[in-house]
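**Q** Below you will find the structure I want to go over with you.
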Amino acid sequence: MDSSAKPTVEEASASIGPTLEKAHLLERVSIAEFMMLYTTVSDYCKRDLLNFPNNGGAVVYKVFAQYVREFDSQQAAKINSLPTDEMRLVDGRRNAWENYRKSASFLNQAFRVMNQHWVPRCNDAMKEKAKQGQESPEQKKTYLDAYTMCMTAWKEEMFEKTKNLISNSARVSMKAEVEQAITEHLNALQVFLNKVGLKSTCNKVISKPATCCNKSFIFLMTF
């Protein structure tokens, strides 16, 4: 990766896409593959810093967001095609949810540098621009860490866009479980940011410090 060149979505997608797919499908990810993903994401977040926040961090954030949304949409379509409500709920959403939480926790560690540095800085920069009246319409959003992004996309694709495909009581119950996971993560992340002296405007988001198990190794880290 040429650190002097302007980062592109195509380049980032080619760099991190294969490992993202393996992680989401809970395929075996080696330590070497994990470290390569971690290093690649970190390198992107350090590129083109003079153009912050529209730098390498923005590119890798966009690629990850697009991948998560597309994966969740495909999963929802697959589950919704099952013939009965019970199969859509138990065999589909419940089992898929447990696997998804594992992959989201795993990927959250790989995107640690983006979570800890690029996302808080970006949100603070957007907040400052808003105060100065310089915020553009596309900037009126909160940037999310990797785990929260996964959980938010899952909630929207699995529940908010398919309200008529499972019973309302089941949908509400499982949606609440997703929202609880987001809230727990937000609280834990806020404690971490306070400890290291970072401000955060991500007050809508995220998971507890997690043990990431991806069928190949256990990786203990915080955020």
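FYI, nothing fancy with the structure tokens labels: chains A, B, ... in order, residues from 1 per chain, ligands from 1 as they appear.
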Give me, as a list in words, all polymer residues having an atom no more than 8 Å from Ser13 (chain A), counting only C-alpha atoms and skipping those fewer than 3 positions away in the same chain.

**A**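 Contacts, in chain order: Val9, Glu10, Ile16, Gly17, Val60 and Val63 of chain A.
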
**Q** Please produce a file of the residues just selected, as a short mmCIF file (atom, residue, chain, number, x, y, z; two decimals), in the first residue's frame, where the atoms kept are C-alpha atoms.

**A**
```
data_model
loop_
_atom_site.label_atom_id
_atom_site.label_comp_id
_atom_site.auth_asym_id
_atom_site.auth_seq_id
_atom_site.Cartn_x
_atom_site.Cartn_y
_atom_site.Cartn_z
CA VAL A 9 -12.61 2.66 -1.83
CA GLU A 10 -11.61 0.06 -4.43
CA ILE A 16 -9.89 -5.94 3.76
CA GLY A 17 -12.86 -7.50 1.95
CA VAL A 60 -11.98 2.19 5.32
CA VAL A 63 -15.95 0.13 2.92
#
```

**Q** Pick out the residues sitting within 8 Å of region 19-26 of chain A, and hand them over as a compact mmCIF listing (two decimals) with N, CA and C atoms, in the first residue's frame; count only C-alpha atoms, and ignore anything fewer than 2 positions along from it in its own chain.

**A**
```
# COMPACT_ATOMS: atom_id res chain seq x y z
N ILE A 16 -9.26 -5.40 2.54
CA ILE A 16 -9.89 -5.94 3.76
C ILE A 16 -11.10 -6.81 3.48
N GLY A 17 -11.64 -6.77 2.27
CA GLY A 17 -12.86 -7.50 1.95
C GLY A 17 -12.80 -9.00 2.22
N ARG A 28 -12.53 -19.97 9.55
CA ARG A 28 -11.30 -19.89 10.32
C ARG A 28 -10.44 -18.72 9.86
N VAL A 29 -10.14 -17.82 10.79
CA VAL A 29 -9.26 -16.69 10.53
C VAL A 29 -8.00 -16.89 11.36
N GLU A 33 -3.81 -13.58 9.59
CA GLU A 33 -4.85 -12.86 8.86
C GLU A 33 -5.46 -11.76 9.72
N PHE A 34 -5.68 -12.06 10.99
CA PHE A 34 -6.21 -11.04 11.90
C PHE A 34 -5.26 -9.86 11.99
N LEU A 37 -5.32 -7.71 8.90
CA LEU A 37 -6.49 -6.85 8.86
C LEU A 37 -6.33 -5.68 9.83
N ASN A 99 -24.29 -16.15 16.10
CA ASN A 99 -23.07 -16.16 15.28
C ASN A 99 -22.63 -14.74 14.92
N TYR A 100 -23.61 -13.89 14.66
CA TYR A 100 -23.31 -12.52 14.25
C TYR A 100 -22.61 -11.76 15.36
N SER A 103 -18.93 -12.64 15.37
CA SER A 103 -18.16 -12.02 14.29
C SER A 103 -18.03 -10.51 14.51
N ALA A 104 -19.10 -9.87 15.03
CA ALA A 104 -19.04 -8.43 15.29
C ALA A 104 -18.01 -8.10 16.36
N PHE A 106 -15.37 -9.91 17.11
CA PHE A 106 -14.07 -10.18 16.51
C PHE A 106 -13.62 -8.99 15.65
N LEU A 107 -14.51 -8.53 14.78
CA LEU A 107 -14.15 -7.43 13.89
C LEU A 107 -13.94 -6.13 14.65
N ASN A 214 -13.22 -16.96 17.21
CA ASN A 214 -13.53 -17.11 15.80
C ASN A 214 -13.14 -18.49 15.29
N LYS A 215 -13.37 -19.51 16.10
CA LYS A 215 -13.11 -20.90 15.72
C LYS A 215 -11.63 -21.22 15.52
```

**Q** Give me, as a VMD selection string, all polymer residues having an atom no more than 9 Å from Gln75 (chain A), counting only C-alpha atoms and skipping those fewer than 3 positions away in the same chain.

**A** chain A and resid 70 to 72 78 to 80 92 96 157 to 158

**Q** What's around Met149 (chain A) at 12 Å? Count only C-alpha atoms, leave out sequence neighbours fewer than 2 positions away in its own chain, and write the answer as a ChimeraX atom specification.

**A** /A:61-62,64-69,72,101,104-105,107-108,111,115,119,142-147,151-156,178,181-182,185-186,202,204-207

**Q** Once you have the residues from the selection above, write them out as a short mmCIF file (atom, residue, chain, number, x, y, z; two decimals), in the first residue's frame, restricted to C-alpha atoms.

**A**
```
data_model
loop_
_atom_site.label_atom_id
_atom_site.label_comp_id
_atom_site.auth_asym_id
_atom_site.auth_seq_id
_atom_site.Cartn_x
_atom_site.Cartn_y
_atom_site.Cartn_z
CA TYR A 61 -15.02 3.27 7.36
CA LYS A 62 -17.10 3.53 4.18
CA PHE A 64 -16.74 -1.53 6.25
CA ALA A 65 -20.16 0.14 6.49
CA GLN A 66 -21.08 -0.94 2.96
CA TYR A 67 -19.93 -4.49 3.56
CA VAL A 68 -21.86 -4.83 6.83
CA ARG A 69 -25.04 -3.44 5.29
CA ASP A 72 -26.96 -8.13 6.76
CA ARG A 101 -22.41 -11.29 17.73
CA ALA A 104 -19.04 -8.43 15.29
CA SER A 105 -16.96 -8.70 18.47
CA LEU A 107 -14.15 -7.43 13.89
CA ASN A 108 -14.45 -4.76 16.57
CA PHE A 111 -10.90 -2.08 13.85
CA ASN A 115 -12.72 2.88 16.99
CA VAL A 119 -14.21 7.78 15.09
CA THR A 142 -22.75 10.21 14.19
CA TYR A 143 -19.88 7.97 13.18
CA LEU A 144 -20.05 4.57 14.86
CA ASP A 145 -17.42 2.15 16.05
CA ALA A 146 -17.32 -1.22 14.30
CA TYR A 147 -19.42 -3.15 16.82
CA MET A 151 -25.53 -4.07 15.65
CA THR A 152 -27.35 -1.07 14.17
CA ALA A 153 -27.35 -2.55 10.67
CA TRP A 154 -28.56 -5.90 12.01
CA LYS A 155 -31.46 -4.30 13.85
CA GLU A 156 -32.56 -2.35 10.81
CA VAL A 178 -30.05 -6.16 20.02
CA ALA A 181 -26.22 -5.14 23.33
CA ILE A 182 -25.75 -1.70 21.78
CA HIS A 185 -21.31 -1.48 24.51
CA LEU A 186 -21.92 2.27 24.60
CA CYS A 202 -21.14 8.79 19.85
CA LYS A 204 -26.26 6.56 20.49
CA VAL A 205 -24.09 3.48 20.43
CA ILE A 206 -22.25 0.09 21.45
CA SER A 207 -20.72 -3.82 23.24
#
```

**Q** Residues within 9 Å of Lys46 (chain A), please, as an NGL selection string. Count only C-alpha atoms; anything in the same chain fewer than 4 positions from it doesn't count.

**A** :A and (3 or 41-42 or 55-57 or 118)

**Q** What does the distance from CA of Glu128 (chain A) to CA of Asn54 (chain A) come to in Å, to one decimal?

**A**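 Taking CA of Glu128 (chain A) as the start and CA of Asn54 (chain A) as the end point, the length is 15.3 Å.
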
**Q** Rounded to one decimal place, report the CA of Arg94 (chain A)-CA of Met174 (chain A) distance in Å.

**A**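 Distance reported for this atom pair: 8.2 Å.
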
**Q** Which residue gives the smallest distance to Arg47 (chain A) among A:Val90, A:Ala12, A:Leu189, A:Ala176, with only C-alpha atoms counted?

**A**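 Going through A:Val90, A:Ala12, A:Leu189, A:Ala176 one by one, the smallest distance to Arg47 (chain A) is for A:Ala12.
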
**Q** Could you work out how far CA of Thr183 (chain A) lies from CA of Arg88 (chain A), giving the answer in Å with one decimal?

**A**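 Interatomic distance, CA of Arg88 (chain A) to CA of Thr183 (chain A): 25.5 Å.
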
**Q** What parts of region 24-154 of chain A does DSSP call helix (DSSP H, G or I)? I'd like the answer as a PyMOL selection string.

**A** chain A and resi 24+31-46+49-51+56-80+85-110+112-131+137-139+146-154

**Q** Export, as a short mmCIF file (atom, residue, chain, number, x, y, z; two decimals), in the first residue's frame, the selected residues with C-alpha atoms.

**A**
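The resulting file, part.cif, is reproduced below:
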```cif
data_model
loop_
_atom_site.label_atom_id
_atom_site.label_comp_id
_atom_site.auth_asym_id
_atom_site.auth_seq_id
_atom_site.Cartn_x
_atom_site.Cartn_y
_atom_site.Cartn_z
CA HIS A 24 -18.73 -12.74 9.11
CA ILE A 31 -3.67 -14.97 13.72
CA ALA A 32 -1.66 -13.79 10.72
CA GLU A 33 -4.85 -12.86 8.86
CA PHE A 34 -6.21 -11.04 11.90
CA MET A 35 -3.00 -9.06 12.34
CA MET A 36 -2.94 -8.21 8.64
CA LEU A 37 -6.49 -6.85 8.86
CA TYR A 38 -5.66 -4.95 12.07
CA THR A 39 -2.52 -3.45 10.52
CA THR A 40 -4.24 -2.56 7.24
CA VAL A 41 -7.09 -0.74 9.00
CA SER A 42 -4.58 1.07 11.23
CA ASP A 43 -2.49 2.13 8.23
CA TYR A 44 -5.55 3.50 6.44
CA CYS A 45 -6.49 5.57 9.48
CA LYS A 46 -3.01 7.13 9.42
CA LEU A 49 -3.97 12.97 7.82
CA LEU A 50 -3.81 16.54 6.51
CA ASN A 51 -7.17 15.91 4.87
CA GLY A 56 -7.87 6.93 4.76
CA GLY A 57 -9.97 6.41 7.87
CA ALA A 58 -13.03 7.67 6.02
CA VAL A 59 -12.34 5.28 3.15
CA VAL A 60 -11.98 2.19 5.32
CA TYR A 61 -15.02 3.27 7.36
CA LYS A 62 -17.10 3.53 4.18
CA VAL A 63 -15.95 0.13 2.92
CA PHE A 64 -16.74 -1.53 6.25
CA ALA A 65 -20.16 0.14 6.49
CA GLN A 66 -21.08 -0.94 2.96
CA TYR A 67 -19.93 -4.49 3.56
CA VAL A 68 -21.86 -4.83 6.83
CA ARG A 69 -25.04 -3.44 5.29
CA GLU A 70 -24.83 -5.73 2.26
CA PHE A 71 -24.07 -8.79 4.38
CA ASP A 72 -26.96 -8.13 6.76
CA SER A 73 -29.35 -7.46 3.89
CA GLN A 74 -28.40 -10.77 2.26
CA GLN A 75 -28.77 -12.62 5.54
CA ALA A 76 -32.20 -11.08 6.12
CA ALA A 77 -33.36 -12.07 2.64
CA LYS A 78 -32.15 -15.64 3.18
CA ILE A 79 -33.89 -15.94 6.55
CA ASN A 80 -37.09 -14.30 5.35
CA ASP A 85 -42.62 -18.12 11.26
CA GLU A 86 -40.90 -20.54 13.63
CA MET A 87 -38.12 -21.24 11.16
CA ARG A 88 -37.65 -17.54 10.44
CA LEU A 89 -37.44 -16.80 14.15
CA VAL A 90 -35.63 -19.75 15.72
CA ASP A 91 -33.62 -21.34 12.92
CA GLY A 92 -33.00 -18.04 11.24
CA ARG A 93 -32.75 -14.97 13.41
CA ARG A 94 -31.90 -16.63 16.72
CA ASN A 95 -29.08 -18.83 15.43
CA ALA A 96 -27.83 -16.16 13.04
CA TRP A 97 -27.85 -13.59 15.86
CA GLU A 98 -25.57 -15.68 18.10
CA ASN A 99 -23.07 -16.16 15.28
CA TYR A 100 -23.31 -12.52 14.25
CA ARG A 101 -22.41 -11.29 17.73
CA LYS A 102 -19.24 -13.39 17.64
CA SER A 103 -18.16 -12.02 14.29
CA ALA A 104 -19.04 -8.43 15.29
CA SER A 105 -16.96 -8.70 18.47
CA PHE A 106 -14.07 -10.18 16.51
CA LEU A 107 -14.15 -7.43 13.89
CA ASN A 108 -14.45 -4.76 16.57
CA GLN A 109 -10.97 -5.75 17.75
CA ALA A 110 -9.56 -5.63 14.23
CA ARG A 112 -9.60 -1.01 17.25
CA VAL A 113 -7.52 1.91 15.98
CA MET A 114 -10.44 3.25 13.95
CA ASN A 115 -12.72 2.88 16.99
CA GLN A 116 -10.38 4.54 19.46
CA HIS A 117 -8.92 7.32 17.36
CA TRP A 118 -10.56 8.06 14.02
CA VAL A 119 -14.21 7.78 15.09
CA PRO A 120 -13.97 10.00 18.23
CA ARG A 121 -11.86 12.60 16.38
CA CYS A 122 -14.25 12.59 13.46
CA ASN A 123 -17.30 13.07 15.66
CA ASP A 124 -15.60 15.88 17.55
CA ALA A 125 -14.64 17.54 14.25
CA MET A 126 -18.22 17.28 12.97
CA LYS A 127 -19.51 18.73 16.23
CA GLU A 128 -17.12 21.67 15.96
CA LYS A 129 -18.15 22.33 12.34
CA ALA A 130 -21.79 22.26 13.38
CA LYS A 131 -21.08 24.91 16.01
CA PRO A 137 -26.02 17.75 5.08
CA GLU A 138 -24.04 14.51 4.64
CA GLN A 139 -22.06 15.29 7.78
CA ALA A 146 -17.32 -1.22 14.30
CA TYR A 147 -19.42 -3.15 16.82
CA THR A 148 -22.17 -0.56 16.98
CA MET A 149 -22.25 -0.32 13.21
CA CYS A 150 -22.80 -4.07 13.01
CA MET A 151 -25.53 -4.07 15.65
CA THR A 152 -27.35 -1.07 14.17
CA ALA A 153 -27.35 -2.55 10.67
CA TRP A 154 -28.56 -5.90 12.01
#
```
